[in-house]
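As stored in my_file03.txt (compact mmCIF, C-alpha atoms):
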```txt
# COMPACT_ATOMS: atom_id res chain seq x y z
CA MET A 1 0.01 0.62 -29.30
CA LEU A 2 0.71 -3.00 -30.27
CA GLU A 3 3.35 -3.25 -27.55
CA ILE A 4 0.81 -2.07 -24.95
CA LEU A 5 -1.64 -4.78 -26.00
CA LEU A 6 1.06 -7.43 -25.76
CA TYR A 7 2.11 -6.17 -22.32
CA LEU A 8 -1.47 -6.39 -21.08
CA ALA A 9 -1.89 -9.92 -22.41
CA ILE A 10 1.33 -11.09 -20.72
CA ILE A 11 0.51 -9.37 -17.42
CA LEU A 12 -3.01 -10.79 -17.18
CA LEU A 13 -1.89 -14.30 -18.14
CA ALA A 14 1.07 -14.32 -15.75
CA THR A 15 -0.78 -12.88 -12.74
CA LYS A 16 -3.79 -15.19 -13.07
CA LEU A 17 -1.74 -18.36 -13.60
CA LEU A 18 0.80 -17.67 -10.85
CA GLY A 19 -1.93 -16.39 -8.53
CA ASP A 20 -3.82 -19.66 -9.01
CA LEU A 21 -0.65 -21.71 -8.52
CA PHE A 22 0.15 -20.07 -5.19
CA ALA A 23 -3.47 -20.43 -4.05
CA ARG A 24 -3.25 -24.17 -4.74
CA LEU A 25 0.01 -24.26 -2.75
CA GLY A 26 -1.79 -22.74 0.23
CA GLN A 27 -0.22 -19.30 -0.09
CA PRO A 28 -1.96 -15.94 -0.69
CA ALA A 29 -2.61 -15.49 -4.43
CA VAL A 30 -1.12 -11.99 -4.27
CA LEU A 31 2.32 -13.50 -3.64
CA GLY A 32 2.19 -15.27 -6.99
CA LYS A 33 1.07 -12.05 -8.69
CA LEU A 34 4.00 -10.15 -7.21
CA LEU A 35 6.44 -12.82 -8.36
CA ALA A 36 4.87 -12.63 -11.83
CA GLY A 37 6.31 -9.13 -12.14
CA ILE A 38 9.80 -10.39 -11.32
CA LEU A 39 9.42 -13.29 -13.77
CA VAL A 40 8.28 -11.29 -16.81
CA GLY A 41 10.33 -8.20 -15.93
CA PRO A 42 14.00 -7.25 -16.46
CA ALA A 43 15.20 -9.49 -13.61
CA VAL A 44 14.37 -12.80 -15.38
CA LEU A 45 12.67 -13.03 -18.80
CA GLY A 46 12.80 -9.35 -19.76
CA TRP A 47 9.48 -9.46 -21.64
CA ILE A 48 8.19 -6.29 -19.98
CA HIS A 49 10.07 -3.17 -18.94
CA PRO A 50 8.81 -0.25 -16.84
CA ASN A 51 7.29 2.53 -18.94
CA GLU A 52 4.73 5.32 -18.70
CA PHE A 53 1.83 3.01 -19.59
CA ILE A 54 2.71 0.60 -16.76
CA SER A 55 3.15 3.51 -14.36
CA ILE A 56 -0.26 5.05 -15.13
CA PHE A 57 -2.14 1.74 -15.03
CA SER A 58 -0.45 0.67 -11.80
CA GLU A 59 -1.26 4.01 -10.16
CA ILE A 60 -4.94 3.58 -11.07
CA GLY A 61 -4.73 -0.02 -9.82
CA VAL A 62 -3.43 0.86 -6.36
CA LEU A 63 -5.96 3.71 -6.04
CA LEU A 64 -8.82 1.32 -6.85
CA LEU A 65 -7.41 -1.26 -4.44
CA MET A 66 -7.34 1.26 -1.58
CA PHE A 67 -10.73 2.69 -2.59
CA MET A 68 -12.28 -0.77 -2.26
CA ALA A 69 -10.49 -1.24 1.07
CA GLY A 70 -12.25 1.92 2.23
CA LEU A 71 -15.56 0.58 0.95
CA GLU A 72 -15.14 -2.57 3.06
CA THR A 73 -13.87 -0.83 6.21
CA ASP A 74 -16.07 -0.81 9.29
CA LEU A 75 -15.95 2.87 10.26
CA GLU A 76 -17.13 2.17 13.81
CA GLN A 77 -14.36 -0.39 14.25
CA LEU A 78 -11.86 2.15 12.91
CA ARG A 79 -13.06 4.75 15.43
CA LYS A 80 -12.75 2.28 18.30
CA ASN A 81 -9.19 1.33 17.35
CA TRP A 82 -7.70 4.79 16.75
CA LYS A 83 -5.48 4.61 19.86
CA SER A 84 -4.09 1.24 18.79
CA ALA A 85 -3.57 2.51 15.24
CA PHE A 86 -1.61 5.52 16.52
CA ALA A 87 0.53 3.36 18.84
CA VAL A 88 1.27 0.87 16.04
CA ALA A 89 2.27 3.68 13.67
CA VAL A 90 4.58 5.33 16.23
CA GLY A 91 6.19 2.00 17.20
CA GLY A 92 6.59 1.21 13.51
CA ILE A 93 8.49 4.46 13.01
CA ILE A 94 10.77 4.60 16.06
CA LEU A 95 12.31 1.12 15.82
CA PRO A 96 12.87 1.14 12.01
CA PHE A 97 14.47 4.58 12.25
CA ILE A 98 16.89 3.46 14.96
CA GLY A 99 17.57 0.15 13.16
CA GLY A 100 18.15 1.80 9.77
CA TYR A 101 20.47 4.43 11.20
CA GLY A 102 22.42 1.80 13.15
CA ALA A 103 22.79 -0.48 10.11
CA ALA A 104 23.96 2.44 7.98
CA SER A 105 26.62 3.26 10.57
CA VAL A 106 27.88 -0.32 10.50
CA PHE A 107 28.36 -0.11 6.72
CA GLY A 108 30.21 3.20 6.99
CA LEU A 109 27.56 5.50 5.56
CA SER A 110 27.70 9.15 6.57
CA ASN A 111 25.52 10.55 9.35
CA ASN A 112 23.14 12.21 6.86
CA GLN A 113 22.87 9.06 4.75
CA GLY A 114 22.19 7.02 7.89
CA LEU A 115 19.39 9.36 8.94
CA PHE A 116 17.86 9.09 5.48
CA LEU A 117 18.05 5.27 5.41
CA GLY A 118 16.41 5.17 8.83
CA LEU A 119 13.59 7.36 7.57
CA LEU A 120 13.17 5.26 4.43
CA LEU A 121 12.65 2.14 6.58
CA CYS A 122 9.90 3.98 8.50
CA ALA A 123 7.68 4.02 5.40
CA THR A 124 4.70 1.69 5.16
CA SER A 125 2.49 0.79 2.21
CA VAL A 126 -0.38 -1.50 3.14
CA SER A 127 -1.81 -2.02 -0.35
CA ILE A 128 -0.35 -5.54 -0.45
CA SER A 129 -1.47 -6.22 3.14
CA VAL A 130 -4.96 -5.04 2.15
CA GLN A 131 -5.13 -7.53 -0.71
CA THR A 132 -3.85 -10.37 1.50
CA LEU A 133 -6.35 -9.55 4.26
CA LYS A 134 -9.16 -9.40 1.68
CA GLU A 135 -8.25 -12.88 0.45
CA MET A 136 -8.34 -14.18 4.05
CA ASP A 137 -11.58 -12.28 4.82
CA ARG A 138 -9.76 -10.46 7.64
CA LEU A 139 -9.80 -6.88 6.36
CA ASN A 140 -12.76 -5.89 8.52
CA THR A 141 -11.51 -7.41 11.76
CA LYS A 142 -10.12 -5.43 14.69
CA GLU A 143 -6.60 -6.26 13.53
CA GLY A 144 -7.32 -5.32 9.92
CA THR A 145 -8.80 -1.91 10.75
CA THR A 146 -5.89 -1.21 13.11
CA ILE A 147 -3.42 -1.88 10.29
CA LEU A 148 -5.34 0.46 7.97
CA GLY A 149 -5.56 3.21 10.57
CA ALA A 150 -1.86 2.86 11.45
CA ALA A 151 -0.92 3.14 7.77
CA VAL A 152 -2.70 6.50 7.49
CA VAL A 153 -0.94 7.87 10.59
CA ASP A 154 2.41 6.43 9.44
CA ASP A 155 2.10 8.07 6.03
CA VAL A 156 1.44 11.53 7.48
CA ILE A 157 4.30 11.33 10.01
CA VAL A 158 6.84 9.99 7.49
CA VAL A 159 5.99 12.61 4.86
CA VAL A 160 6.39 15.40 7.43
CA LEU A 161 9.70 13.93 8.67
CA LEU A 162 10.97 13.60 5.09
CA ALA A 163 10.23 17.25 4.33
CA VAL A 164 11.87 18.37 7.58
CA MET A 165 14.94 16.23 6.90
CA MET A 166 15.36 17.48 3.33
CA SER A 167 15.18 21.04 4.62
CA LEU A 168 17.52 20.63 7.61
CA LEU A 169 20.15 18.71 5.67
CA GLY A 170 20.30 21.44 3.06
CA THR A 171 19.20 19.26 0.15
CA GLY A 172 15.87 20.90 -0.50
CA HIS A 173 14.22 24.30 -0.56
CA ASP A 174 13.23 26.15 2.59
CA ILE A 175 10.08 24.52 3.91
CA SER A 176 7.63 26.02 6.36
CA LEU A 177 6.81 23.29 8.87
CA GLY A 178 3.60 25.09 9.81
CA LEU A 179 2.49 25.20 6.17
CA LEU A 180 3.45 21.54 5.72
CA ILE A 181 1.39 20.33 8.68
CA GLY A 182 -1.40 22.80 7.87
CA LYS A 183 -1.85 21.34 4.38
CA LYS A 184 -2.17 17.84 5.80
CA LEU A 185 -4.68 18.96 8.42
CA LEU A 186 -6.61 20.75 5.68
CA PHE A 187 -6.80 17.53 3.68
CA PHE A 188 -8.29 15.56 6.58
CA VAL A 189 -10.77 18.33 7.44
CA VAL A 190 -11.90 18.57 3.80
CA ALA A 191 -12.03 14.75 3.46
CA ILE A 192 -14.26 14.47 6.55
CA VAL A 193 -16.60 17.28 5.48
CA VAL A 194 -16.77 16.06 1.88
CA GLY A 195 -17.33 12.49 2.99
CA TRP A 196 -20.03 13.44 5.47
CA LEU A 197 -21.95 16.02 3.44
CA ALA A 198 -20.93 16.26 -0.21
CA VAL A 199 -20.45 12.61 -1.28
CA PRO A 200 -23.97 11.34 -0.32
CA TRP A 201 -25.52 14.44 -1.96
CA PHE A 202 -23.37 14.09 -5.10
CA LEU A 203 -24.13 10.38 -5.61
CA LYS A 204 -27.84 10.96 -4.99
CA LEU A 205 -27.86 13.56 -7.77
CA PHE A 206 -25.64 11.52 -10.08
CA ALA A 207 -27.47 8.17 -9.77
CA PRO A 208 -30.63 9.10 -11.78
CA LEU A 209 -28.65 10.25 -14.85
CA ARG A 210 -29.79 8.40 -17.97
CA VAL A 211 -26.35 7.06 -18.81
CA THR A 212 -24.66 3.71 -18.35
CA GLU A 213 -23.25 2.99 -14.86
CA ALA A 214 -23.86 6.47 -13.51
CA VAL A 215 -23.36 5.44 -9.86
CA ILE A 216 -20.02 3.74 -10.56
CA SER A 217 -18.82 6.74 -12.52
CA GLY A 218 -19.87 9.01 -9.68
CA ALA A 219 -17.96 6.91 -7.16
CA LEU A 220 -14.85 6.98 -9.37
CA ILE A 221 -15.12 10.77 -9.65
CA VAL A 222 -15.07 10.95 -5.84
CA CYS A 223 -12.14 8.50 -5.67
CA PHE A 224 -9.93 10.25 -8.21
CA ALA A 225 -10.79 13.77 -7.02
CA LEU A 226 -9.94 13.02 -3.38
CA SER A 227 -6.79 11.17 -4.47
CA TYR A 228 -5.69 14.21 -6.46
CA PHE A 229 -6.44 16.54 -3.56
CA ALA A 230 -4.50 14.30 -1.15
CA ASP A 231 -1.46 14.37 -3.40
CA LEU A 232 -1.79 18.14 -3.78
CA MET A 233 -1.75 18.52 0.02
CA GLY A 234 1.34 16.34 0.40
CA VAL A 235 -0.55 13.24 1.56
CA ALA A 236 -0.20 10.01 -0.43
CA ALA A 237 -2.89 9.65 -3.11
CA ILE A 238 -3.76 6.19 -1.76
CA ILE A 239 -4.92 7.83 1.50
CA GLY A 240 -7.28 10.00 -0.54
CA ALA A 241 -8.63 6.91 -2.31
CA PHE A 242 -9.09 5.14 1.03
CA ALA A 243 -10.96 8.16 2.44
CA ALA A 244 -13.17 8.22 -0.69
CA GLY A 245 -14.01 4.54 -0.19
CA ILE A 246 -15.04 5.16 3.41
CA ALA A 247 -17.21 8.09 2.30
CA VAL A 248 -19.01 6.03 -0.37
CA SER A 249 -19.43 3.14 2.09
CA GLN A 250 -21.68 5.38 4.21
CA THR A 251 -24.17 5.82 1.35
CA PRO A 252 -26.94 3.48 0.12
CA PHE A 253 -24.84 2.84 -3.00
CA LYS A 254 -22.05 0.97 -1.19
CA HIS A 255 -22.86 -2.57 -2.34
CA ASP A 256 -23.75 -1.55 -5.88
CA VAL A 257 -20.41 0.24 -6.28
CA GLU A 258 -18.48 -2.63 -4.71
CA ASP A 259 -20.10 -5.35 -6.82
CA ARG A 260 -19.70 -3.52 -10.12
CA LEU A 261 -16.29 -1.91 -9.61
CA GLU A 262 -14.43 -4.93 -8.26
CA PRO A 263 -14.50 -6.92 -11.55
CA VAL A 264 -13.17 -3.90 -13.46
CA ALA A 265 -10.36 -3.30 -10.99
CA TYR A 266 -9.24 -6.92 -10.64
CA SER A 267 -9.54 -7.80 -14.31
CA ILE A 268 -6.99 -5.24 -15.50
CA PHE A 269 -5.76 -2.37 -13.28
CA VAL A 270 -4.83 -4.20 -10.04
CA PRO A 271 -2.87 -6.96 -11.86
CA VAL A 272 -0.77 -4.26 -13.57
CA PHE A 273 -0.06 -2.73 -10.15
CA PHE A 274 1.15 -6.06 -8.76
CA VAL A 275 3.41 -6.66 -11.76
CA SER A 276 4.80 -3.11 -11.66
CA ILE A 277 6.35 -3.80 -8.24
CA GLY A 278 8.39 -6.73 -9.57
CA LEU A 279 9.47 -4.75 -12.63
CA ASN A 280 11.61 -2.55 -10.38
CA ILE A 281 13.95 -5.43 -9.63
CA THR A 282 17.16 -5.87 -11.58
CA PHE A 283 20.05 -7.97 -10.34
CA GLU A 284 22.69 -5.98 -12.15
CA GLY A 285 25.52 -5.24 -9.71
CA ALA A 286 23.53 -6.74 -6.84
CA ALA A 287 26.12 -9.48 -6.19
CA ASN A 288 28.46 -6.90 -4.66
CA GLN A 289 25.80 -5.75 -2.21
CA LEU A 290 24.48 -9.08 -0.92
CA LEU A 291 25.59 -8.51 2.69
CA PHE A 292 24.14 -4.98 2.70
CA MET A 293 20.83 -6.21 1.24
CA GLY A 294 20.63 -9.11 3.67
CA VAL A 295 21.27 -7.00 6.76
CA ILE A 296 18.94 -4.17 5.72
CA THR A 297 16.17 -6.64 4.84
CA VAL A 298 16.41 -8.32 8.26
CA VAL A 299 16.43 -4.92 9.98
CA ALA A 300 13.48 -3.73 7.86
CA VAL A 301 11.37 -6.79 8.67
CA LEU A 302 12.16 -7.17 12.36
CA THR A 303 11.88 -3.50 13.30
CA LYS A 304 8.43 -3.10 11.72
CA LEU A 305 7.25 -6.44 13.09
CA LEU A 306 8.41 -5.67 16.63
CA GLY A 307 7.72 -1.92 16.58
CA GLY A 308 4.18 -2.27 15.25
CA GLY A 309 3.61 -5.36 17.37
CA LEU A 310 4.73 -3.56 20.53
CA GLY A 311 2.33 -0.69 19.82
CA ALA A 312 -0.51 -3.20 19.42
CA LYS A 313 0.49 -5.12 22.56
CA LEU A 314 0.57 -1.95 24.67
CA THR A 315 -2.98 -1.12 23.59
CA GLY A 316 -4.59 -4.43 24.51
CA PHE A 317 -3.96 -6.96 21.72
CA ASN A 318 -2.72 -10.43 22.60
CA GLY A 319 0.71 -11.64 21.46
CA ARG A 320 -0.36 -13.35 18.23
CA SER A 321 -2.63 -10.51 17.12
CA SER A 322 0.12 -7.99 17.92
CA LEU A 323 2.59 -9.82 15.69
CA ALA A 324 -0.06 -10.14 12.96
CA ILE A 325 -0.60 -6.37 13.06
CA GLY A 326 3.17 -5.79 13.00
CA SER A 327 3.51 -8.08 9.99
CA GLY A 328 0.83 -6.09 8.15
CA MET A 329 3.05 -3.01 8.42
CA ILE A 330 6.21 -4.62 7.01
CA SER A 331 5.65 -3.93 3.30
CA ARG A 332 7.32 -0.66 2.24
CA GLY A 333 5.87 -0.76 -1.30
CA GLU A 334 5.57 2.27 -3.53
CA VAL A 335 5.90 4.74 -0.62
CA ALA A 336 9.50 3.67 0.09
CA LEU A 337 10.32 3.60 -3.64
CA ILE A 338 9.26 7.25 -3.92
CA ILE A 339 11.39 8.16 -0.88
CA ALA A 340 14.35 6.24 -2.32
CA ALA A 341 14.09 8.16 -5.61
CA THR A 342 13.98 11.42 -3.64
CA GLY A 343 17.09 10.39 -1.73
CA LEU A 344 18.96 9.51 -4.92
CA GLU A 345 18.12 12.86 -6.46
CA SER A 346 19.22 14.77 -3.35
CA GLY A 347 22.42 12.79 -2.78
CA LEU A 348 21.27 11.31 0.53
CA LEU A 349 21.19 7.85 -1.06
CA GLN A 350 24.26 6.85 -3.05
CA GLN A 351 23.76 5.41 -6.53
CA LYS A 352 25.58 2.19 -5.60
CA TYR A 353 23.03 1.53 -2.83
CA PHE A 354 19.92 2.51 -4.79
CA THR A 355 19.36 -0.87 -6.50
CA SER A 356 19.98 -2.66 -3.21
CA VAL A 357 17.41 -0.50 -1.42
CA VAL A 358 14.85 -1.14 -4.18
CA ILE A 359 15.42 -4.90 -3.82
CA VAL A 360 15.01 -4.62 -0.03
CA VAL A 361 11.69 -2.79 -0.57
CA ILE A 362 10.51 -5.55 -2.93
CA LEU A 363 11.62 -8.27 -0.49
CA THR A 364 9.62 -6.69 2.35
CA THR A 365 6.62 -6.69 0.02
CA LEU A 366 7.10 -10.35 -0.88
CA ILE A 367 7.59 -11.40 2.75
CA THR A 368 4.38 -9.76 3.96
CA PRO A 369 1.65 -12.03 2.43
CA PRO A 370 2.94 -15.44 3.69
CA LEU A 371 3.82 -13.95 7.10
CA LEU A 372 0.34 -12.43 7.42
CA LYS A 373 -1.28 -15.72 6.52
CA MET A 374 0.85 -17.66 8.98
CA LEU A 375 0.11 -15.30 11.87
CA PHE A 376 -3.60 -14.89 11.11
CA SER A 377 -4.26 -18.61 10.63
CA GLY A 378 -6.12 -19.81 13.69
CA GLY A 379 -5.89 -16.32 15.22
CA SER A 380 -8.53 -14.52 17.23
CA GLY A 381 -10.00 -12.38 14.45
CA THR A 382 -13.74 -12.28 13.85
CA HIS A 383 -13.53 -14.13 10.52
CA ARG A 384 -12.07 -17.46 9.52
CA TYR A 385 -10.06 -18.32 6.43
CA THR A 386 -12.36 -20.98 4.98
CA GLN A 387 -12.12 -22.97 1.78
CA SER A 388 -15.26 -21.26 0.44
CA ASN A 389 -13.80 -17.82 1.16
CA MET A 390 -10.58 -18.79 -0.52
CA GLY A 391 -12.34 -20.10 -3.58
CA SER A 392 -14.44 -17.01 -4.19
CA SER A 393 -11.54 -14.64 -3.52
CA TYR A 394 -9.15 -16.36 -5.87
CA ASP A 395 -11.72 -16.94 -8.60
CA ASP A 396 -12.79 -13.30 -8.66
CA LYS A 397 -9.42 -11.68 -8.21
```
Using structure tokens, write down the structure from this file.
Amino acid sequence: MLEILLYLAIILLATKLLGDLFARLGQPAVLGKLLAGILVGPAVLGWIHPNEFISIFSEIGVLLLMFMAGLETDLEQLRKNWKSAFAVAVGGIILPFIGGYGAASVFGLSNNQGLFLGLLLCATSVSISVQTLKEMDRLNTKEGTTILGAAVVDDVIVVVLLAVMMSLLGTGHDISLGLLIGKKLLFFVVAIVVGWLAVPWFLKLFAPLRVTEAVISGALIVCFALSYFADLMGVAAIIGAFAAGIAVSQTPFKHDVEDRLEPVAYSIFVPVFFVSIGLNITFEGAANQLLFMGVITVVAVLTKLLGGGLGAKLTGFNGRSSLAIGSGMISRGEVALIIAATGLESGLLQQKYFTSVVIVVILTTLITPPLLKMLFSGGSGTHRYTQSNMGSSYDDK
């Protein structure tokens, strides 16, 4: 118990100080928070090591982050941009898959291992992009909603491809493709029906309860229940949290939930999530894999940037906005880490490459915030990154 309290104190101190430092340097605060995890983790100071407590808190943190992203999403804008979102997701899968497979071939990996590495590079986790866009007040722009929509499509396609690959390569159990796709379709049908009918009714009933923060508790029940159901249906839990946020945003309780939940999330759970990413880095044995890491990182960044950007360009975005959307898809985050662990267990990812792949995933996550800021600065979005916006965002989060 005492160790947990110490961990929390270190995490909160490190994320707030480094977040503030990077804000003063003109960079997104989230970049400093990510680096805080590397600093206090096994890679540098070794004050904090991954454990079950960190894992649970970080999972809650990313769910709350995506729930609030759903709360702030303009549903009409999301509907208008569904074609762009689909094109960005497909472009962000095709090019990374080809690039990953090609790079694996160059380094002498087997055909199966090359296919797996290509699939791993297809993954996208926009939780870090969401935080960066929130800081820049760009989450609710046309570009921001396209990134969010593309991430949902990307997640579904990659999970289906992973299951198919594990089955075809003989490393997993027999999988019914029809059942696999059916479960995902069931999730989205249930999420839409629940969001449209059940959530407003549930919150209306829950709000009058004579207990403290009944509305916030009700919203969290919706968030965690849909997240659990998403995971049960083979869809990432963060997609369930995002869907829950959109559902709550359509009720009269939207602003109340947002105003009261945000301080709770950003004061403890979200900082632990940011730090948990950096805790996965260890430089042990990495010196022998520098060329591999360098090449795979370049491939990972460029293929998502160009693939997602091309999808955006083909659906009407200008050049700068297209690259900004592509950059928002670069971070592989926790989705790729889960795929990497699956590959290690199945033998499709060799042990000697596992650490290198984890470092590549972290590097894509670290590259995303400054690249997003650079491409969005002075762009054509509907919001501007003003000093007042920056001040409130960094002070609160």
**Study point:** Computed interatomic separation between atom CA of A:Ala191 and atom CA of A:Thr145 (Å)
**Key:** 18.5 Å
**Study point:** Separation of atom CA of A:Val335 from atom CA of A:Val156 in Å
**Key:**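 A separation of 11.5 Å between them.
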Practice item. Please indicate the distance in Å from atom CA of A:Ser129 to atom CA of A:Val160, rounded to one decimal place. Key: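 Here the two named atoms are 23.4 Å from each other.
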Compile the contact shell of A:Leu323 as a PDB file with C-alpha atoms, in the frame of the given file: residues with an atom at most 9 Å away, counting all atoms listed in the file, same-chain residues fewer than 2 positions apart removed.
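Heads up, here's the output in part_27.pdb:
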```pdb
ATOM      1  CA  LEU A 305       7.250  -6.440  13.090  1.00  0.00           C
ATOM      2  CA  LEU A 306       8.410  -5.670  16.630  1.00  0.00           C
ATOM      3  CA  GLY A 308       4.180  -2.270  15.250  1.00  0.00           C
ATOM      4  CA  GLY A 309       3.610  -5.360  17.370  1.00  0.00           C
ATOM      5  CA  LEU A 310       4.730  -3.560  20.530  1.00  0.00           C
ATOM      6  CA  ALA A 312      -0.510  -3.200  19.420  1.00  0.00           C
ATOM      7  CA  LYS A 313       0.490  -5.120  22.560  1.00  0.00           C
ATOM      8  CA  ASN A 318      -2.720 -10.430  22.600  1.00  0.00           C
ATOM      9  CA  GLY A 319       0.710 -11.640  21.460  1.00  0.00           C
ATOM     10  CA  ARG A 320      -0.360 -13.350  18.230  1.00  0.00           C
ATOM     11  CA  SER A 321      -2.630 -10.510  17.120  1.00  0.00           C
ATOM     12  CA  ILE A 325      -0.600  -6.370  13.060  1.00  0.00           C
ATOM     13  CA  GLY A 326       3.170  -5.790  13.000  1.00  0.00           C
ATOM     14  CA  SER A 327       3.510  -8.080   9.990  1.00  0.00           C
ATOM     15  CA  GLY A 328       0.830  -6.090   8.150  1.00  0.00           C
ATOM     16  CA  LEU A 372       0.340 -12.430   7.420  1.00  0.00           C
ATOM     17  CA  LEU A 375       0.110 -15.300  11.870  1.00  0.00           C
TER      18      LEU A 375
END
```
Report the closest atom pair, with its distance in Å rounded to one decimal, for each residue of stretch 233-307 of chain A that has an atom no farther than 7 Å from stretch 43-58 of chain A; count only C-alpha atoms, sort by chain and then rising residue number, and write it as CSV.
```
residue,atom,partner,partner_atom,distance
A:Phe269,CA,A:Phe57,CA,5.7
A:Val270,CA,A:Ser58,CA,6.8
A:Val272,CA,A:Ser58,CA,5.2
A:Phe273,CA,A:Ser58,CA,3.8
A:Ser276,CA,A:Ser58,CA,6.5
A:Leu279,CA,A:Pro50,CA,6.2
A:Ile281,CA,A:Ala43,CA,5.8
A:Thr282,CA,A:Ala43,CA,4.6
A:Phe283,CA,A:Ala43,CA,6.0
```
Point to revise | For stretch 202-211 of chain A: contacts at 9 Å, only C-alpha atoms, fewer than 6 positions along chain excluded, given as an MDAnalysis selection string | key: chainID A and resid 217:219 222 248 251 253
Check your understanding: Taking (-1.7, -5.7, 1.2) in the file's coordinates, which residues come within 12 Å, counting all atoms listed in the file, written as a PyMOL selection string?
Key -> chain A and resi 28-31+34+62+65-66+69+124-136+138-139+144+147-148+151+270+273-274+325+327-334+364-373
**Study point:** Nearest-residue call for A:Pro271, choices A:Ala340, A:Ala104, A:Ala14, A:Met68, using all atoms listed in the file
**Key:**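 So, comparing all the options, the nearest one is A:Ala14.
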Exercise for review: Counting all atoms listed in the file, figure out which residue out of A:Ala241, A:Leu179, A:Val40, A:Leu348 gets nearest to A:Leu8.
Suggested key: A:Val40
Review point. Using only C-alpha atoms, can you list as a list of chain:residue names the residues within 10 Å of (13.1, 11.6, 3.1)?
Key: A:Leu115, A:Phe116, A:Leu117, A:Gly118, A:Leu119, A:Leu120, A:Cys122, A:Ala123, A:Val158, A:Val159, A:Val160, A:Leu161, A:Leu162, A:Ala163, A:Val164, A:Met165, A:Met166, A:Ser167, A:Ala336, A:Ile338, A:Ile339, A:Ala340, A:Ala341, A:Thr342, A:Gly343, A:Ser346, A:Leu348, A:Leu349
Point to revise | Contact residues around A:Lys83 with only C-alpha atoms at 12 Å, ignoring same-chain residues under 3 positions, as a list in words | key: Gln77, Leu78, Arg79, Lys80, Phe86, Ala87, Val88, Ala89, Val90, Thr145, Thr146, Ile147, Gly149, Ala150, Val153, Gly311, Ala312, Lys313, Leu314, Thr315, Gly316 and Phe317 of chain A
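Closest approach to A:Tyr7 from the set A:Gly26, A:Gln289, A:Gly70, A:Val275 is made by A:Val275, with distances taken over all atoms listed in the file.
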Practice item. Kindly indicate which residue among A:Ala214, A:Leu291, A:Ala300, A:Ala230 lies nearest to A:Val257, using all atoms listed in the file for the distances. Key: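 With all atoms listed in the file as the atom set, the closest residue is A:Ala214.
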Output stretch 79-89 of chain A as a tab-separated table (two decimals), keeping the file's coordinate frame, making sure N, CA, C and O atoms are there.
```
chain	number	residue	atom	x	y	z
A	79	ARG	N	-12.99	3.75	14.36
A	79	ARG	CA	-13.06	4.75	15.43
A	79	ARG	C	-12.63	4.14	16.77
A	79	ARG	O	-11.91	4.77	17.55
A	80	LYS	N	-13.08	2.94	17.03
A	80	LYS	CA	-12.75	2.28	18.30
A	80	LYS	C	-11.26	2.00	18.44
A	80	LYS	O	-10.72	1.99	19.55
A	81	ASN	N	-10.59	1.76	17.31
A	81	ASN	CA	-9.19	1.33	17.35
A	81	ASN	C	-8.19	2.44	17.06
A	81	ASN	O	-7.03	2.17	16.76
A	82	TRP	N	-8.61	3.72	17.14
A	82	TRP	CA	-7.70	4.79	16.75
A	82	TRP	C	-6.47	4.87	17.66
A	82	TRP	O	-5.37	5.18	17.20
A	83	LYS	N	-6.63	4.58	18.96
A	83	LYS	CA	-5.48	4.61	19.86
A	83	LYS	C	-4.47	3.52	19.49
A	83	LYS	O	-3.26	3.76	19.48
A	84	SER	N	-4.98	2.33	19.20
A	84	SER	CA	-4.09	1.24	18.79
A	84	SER	C	-3.39	1.58	17.48
A	84	SER	O	-2.19	1.33	17.33
A	85	ALA	N	-4.15	2.15	16.54
A	85	ALA	CA	-3.57	2.51	15.24
A	85	ALA	C	-2.43	3.51	15.41
A	85	ALA	O	-1.37	3.39	14.79
A	86	PHE	N	-2.64	4.50	16.29
A	86	PHE	CA	-1.61	5.52	16.52
A	86	PHE	C	-0.37	4.89	17.16
A	86	PHE	O	0.77	5.17	16.77
A	87	ALA	N	-0.59	4.02	18.15
A	87	ALA	CA	0.53	3.36	18.84
A	87	ALA	C	1.32	2.47	17.89
A	87	ALA	O	2.56	2.43	17.92
A	88	VAL	N	0.61	1.74	17.02
A	88	VAL	CA	1.27	0.87	16.04
A	88	VAL	C	2.11	1.70	15.07
A	88	VAL	O	3.25	1.35	14.75
A	89	ALA	N	1.54	2.82	14.61
A	89	ALA	CA	2.27	3.68	13.67
A	89	ALA	C	3.54	4.25	14.31
A	89	ALA	O	4.61	4.24	13.70
```
